[in-house]
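Chemist: Attaching a single structure in structure tokens format; questions to follow.
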Amino acid sequence: MKGNNGGSAPKDNYAQFIEQLDAASRNLTARREPLTRTLEILDVLLRQNALGLKLWEERRTKVGRLVDEEDKSADKSLALSELHEVSLRMESMFLNRTQRIREQQASFQGRLDEIGKSLLELERSRLKLTSSRTLSCERESLNKAVADLAGVPQGATTGSADLGLRTDLNEARRAIILAEALMEVKGR
């Protein structure tokens, strides 16, 4: 932050950066919602296709047992063989669908996880920036208070000012600034 110019408030660059973080968070949040709905739809589709796969596996197993039985007519044997082939094709179709849906789920979940991670990083950055902003404002207020104490009181002359006090206050200000700088460096 820059110093005061003739009593006007210093320029707050933090607000611009915080707004950029907030805008990025809003954009990612808007993208997260349709992904979440898509995953819910894929979950329903997966359950339906998994059920279909299970039912066709059961049908194939039952028809396979009936085909293996020896006492049946040729017509019955042909019909059971056709049913067994249909069951095999349908089972294969439902298996392929289930696998494709799982792949899509994994892809969408990966995107959703990426968005979640980025949102968390944005929130951390926002908190750090807000803390730094608060610290900067407090430092500025403290410097102003120290400068006011070290300055010449209104109505007093420069010659009667205590030079030792000014030196001590400047040293105190310097120590405070160094301590805060150390805290910022150690905090990162």
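Each chain in the structure tokens gets a letter, A, B, ..., in the order shown, and its residues are numbered from 1; ligands are numbered from 1 in order too.
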Show me, as a Markdown table, the residues of stretch 84-139 of chain A having an atom within 7 Å of stretch 25-29 of chain A, each with the closest atom pair and its distance in Å, using only C-alpha atoms.

Modeler:
```
| residue | atom | partner | partner_atom | distance |
| --- | --- | --- | --- | --- |
| A:Ile115 | CA | A:Leu28 | CA | 6.3 |
| A:Leu119 | CA | A:Ser25 | CA | 6.0 |
| A:Leu122 | CA | A:Ser25 | CA | 6.7 |
```

Chemist: Can you write out the residues you just picked, keeping N, CA, C and O atoms, as an mmCIF file, in the first residue's frame?

Modeler:
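Listed below is the output, part_26.cif:
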```cif
data_model
loop_
_atom_site.group_PDB
_atom_site.id
_atom_site.type_symbol
_atom_site.label_atom_id
_atom_site.label_comp_id
_atom_site.auth_asym_id
_atom_site.auth_seq_id
_atom_site.Cartn_x
_atom_site.Cartn_y
_atom_site.Cartn_z
ATOM 1 N N ILE A 115 -12.214 -29.015 -9.692
ATOM 2 C CA ILE A 115 -12.898 -27.766 -9.344
ATOM 3 C C ILE A 115 -12.897 -27.576 -7.835
ATOM 4 O O ILE A 115 -12.612 -26.484 -7.335
ATOM 5 N N LEU A 119 -11.275 -24.471 -5.887
ATOM 6 C CA LEU A 119 -12.085 -23.617 -5.010
ATOM 7 C C LEU A 119 -11.462 -23.523 -3.622
ATOM 8 O O LEU A 119 -11.447 -22.449 -3.009
ATOM 9 N N LEU A 122 -8.492 -21.232 -3.914
ATOM 10 C CA LEU A 122 -8.944 -19.845 -4.024
ATOM 11 C C LEU A 122 -9.365 -19.297 -2.663
ATOM 12 O O LEU A 122 -9.048 -18.154 -2.320
#
```

Chemist: Can you list, as a PyMOL selection string, every protein, DNA or RNA residue that comes within 7 Å of stretch 51-65 of chain A when you count only C-alpha atoms, leaving out same-chain residues fewer than 4 positions away?

Modeler: chain A and resi 47+69+80+83-84+87-88+90-91+94-95

Chemist: Any chance you could export the current selection's all heavy atoms as a compact mmCIF listing (two decimals), in the first residue's frame?

Modeler:
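Saved the output as out.txt:
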```txt
# COMPACT_ATOMS: atom_id res chain seq x y z
N ARG A 47 -27.10 -47.46 -12.15
CA ARG A 47 -27.93 -48.41 -11.39
C ARG A 47 -28.90 -49.15 -12.29
O ARG A 47 -29.08 -50.36 -12.16
CB ARG A 47 -28.68 -47.68 -10.27
CG ARG A 47 -27.77 -47.37 -9.08
CD ARG A 47 -28.51 -46.80 -7.91
NE ARG A 47 -28.56 -45.35 -8.08
CZ ARG A 47 -29.64 -44.60 -7.91
NH1 ARG A 47 -30.76 -45.13 -7.54
NH2 ARG A 47 -29.59 -43.30 -8.10
N GLU A 69 -30.32 -79.49 -20.61
CA GLU A 69 -31.17 -80.64 -20.30
C GLU A 69 -31.36 -81.49 -21.55
O GLU A 69 -31.49 -80.97 -22.66
CB GLU A 69 -32.54 -80.16 -19.77
CG GLU A 69 -32.46 -79.56 -18.39
CD GLU A 69 -33.83 -79.08 -17.91
OE1 GLU A 69 -34.85 -79.32 -18.58
OE2 GLU A 69 -33.87 -78.46 -16.84
N LEU A 80 -34.81 -72.49 -27.23
CA LEU A 80 -33.95 -72.22 -26.07
C LEU A 80 -32.56 -71.73 -26.51
O LEU A 80 -31.99 -70.84 -25.88
CB LEU A 80 -33.83 -73.47 -25.20
CG LEU A 80 -35.07 -73.83 -24.38
CD1 LEU A 80 -34.89 -75.19 -23.70
CD2 LEU A 80 -35.38 -72.76 -23.34
N LEU A 83 -32.95 -68.14 -27.45
CA LEU A 83 -33.07 -67.33 -26.22
C LEU A 83 -31.70 -67.18 -25.54
O LEU A 83 -31.38 -66.11 -25.02
CB LEU A 83 -34.07 -67.96 -25.25
CG LEU A 83 -35.54 -67.76 -25.57
CD1 LEU A 83 -36.40 -68.54 -24.58
CD2 LEU A 83 -35.91 -66.28 -25.52
N HIS A 84 -30.92 -68.23 -25.56
CA HIS A 84 -29.59 -68.17 -24.94
C HIS A 84 -28.71 -67.18 -25.69
O HIS A 84 -27.99 -66.38 -25.07
CB HIS A 84 -28.96 -69.58 -24.93
CG HIS A 84 -27.73 -69.64 -24.11
ND1 HIS A 84 -26.47 -69.60 -24.65
CD2 HIS A 84 -27.56 -69.72 -22.76
CE1 HIS A 84 -25.58 -69.66 -23.69
NE2 HIS A 84 -26.20 -69.75 -22.52
N SER A 87 -29.83 -63.71 -24.84
CA SER A 87 -29.38 -63.39 -23.48
C SER A 87 -27.90 -63.01 -23.47
O SER A 87 -27.51 -62.06 -22.78
CB SER A 87 -29.60 -64.58 -22.55
OG SER A 87 -30.97 -64.87 -22.41
N LEU A 88 -27.10 -63.75 -24.25
CA LEU A 88 -25.67 -63.43 -24.33
C LEU A 88 -25.44 -62.04 -24.93
O LEU A 88 -24.63 -61.26 -24.42
CB LEU A 88 -24.93 -64.47 -25.17
CG LEU A 88 -24.64 -65.81 -24.50
CD1 LEU A 88 -24.11 -66.82 -25.52
CD2 LEU A 88 -23.65 -65.62 -23.37
N MET A 90 -27.60 -59.49 -25.07
CA MET A 90 -28.13 -58.45 -24.17
C MET A 90 -27.21 -58.26 -22.96
O MET A 90 -26.95 -57.13 -22.54
CB MET A 90 -29.55 -58.79 -23.71
CG MET A 90 -30.57 -58.77 -24.83
SD MET A 90 -30.65 -57.16 -25.66
CE MET A 90 -31.43 -56.18 -24.40
N GLU A 91 -26.70 -59.35 -22.44
CA GLU A 91 -25.76 -59.26 -21.31
C GLU A 91 -24.52 -58.47 -21.73
O GLU A 91 -24.06 -57.58 -21.00
CB GLU A 91 -25.37 -60.67 -20.85
CG GLU A 91 -24.44 -60.68 -19.67
CD GLU A 91 -24.05 -62.08 -19.25
OE1 GLU A 91 -24.63 -63.07 -19.75
OE2 GLU A 91 -23.14 -62.20 -18.41
N PHE A 94 -25.43 -54.71 -22.04
CA PHE A 94 -25.54 -54.05 -20.74
C PHE A 94 -24.18 -53.93 -20.05
O PHE A 94 -23.91 -52.94 -19.38
CB PHE A 94 -26.56 -54.77 -19.85
CG PHE A 94 -27.96 -54.33 -20.08
CD1 PHE A 94 -28.79 -55.04 -20.94
CD2 PHE A 94 -28.47 -53.20 -19.46
CE1 PHE A 94 -30.10 -54.63 -21.17
CE2 PHE A 94 -29.78 -52.79 -19.68
CZ PHE A 94 -30.59 -53.50 -20.54
N LEU A 95 -23.31 -54.91 -20.25
CA LEU A 95 -21.97 -54.84 -19.68
C LEU A 95 -21.20 -53.67 -20.29
O LEU A 95 -20.56 -52.88 -19.58
CB LEU A 95 -21.22 -56.16 -19.91
CG LEU A 95 -19.80 -56.22 -19.36
CD1 LEU A 95 -19.79 -56.05 -17.85
CD2 LEU A 95 -19.13 -57.51 -19.78
```

Chemist: Could you pull the residues within 12 Å of A:Val44, counting only C-alpha atoms, minus those fewer than 4 positions along the same chain, as a PyMOL selection string?

Modeler: chain A and resi 37-40+48-51+98+101-102+105

Chemist: How many Å lie between atom CA of A:Arg31 and atom CA of A:Gly116, rounded to one decimal?

Modeler: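 Answer for the atom CA of A:Arg31 to atom CA of A:Gly116 separation: 10.6 Å.
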
Chemist: So, counting only C-alpha atoms, which residue among A:Arg32, A:Arg97, A:Ser132, A:Glu138 is closest to A:Lys117?

Modeler: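 That would be A:Arg32, the residue with the smallest distance to A:Lys117.
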
Chemist: Please, what distance in Å, to one decimal, runs between atom CA of A:Ile41 and atom CA of A:Ala24?

Modeler: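 Rounded to one decimal, the two atoms are 26.6 Å apart.
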
Chemist: Between atom CA of A:Ser141 and atom CA of A:Phe17, what is the spacing in Å?

Modeler: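 Rounded to one decimal, the two atoms are 21.9 Å apart.
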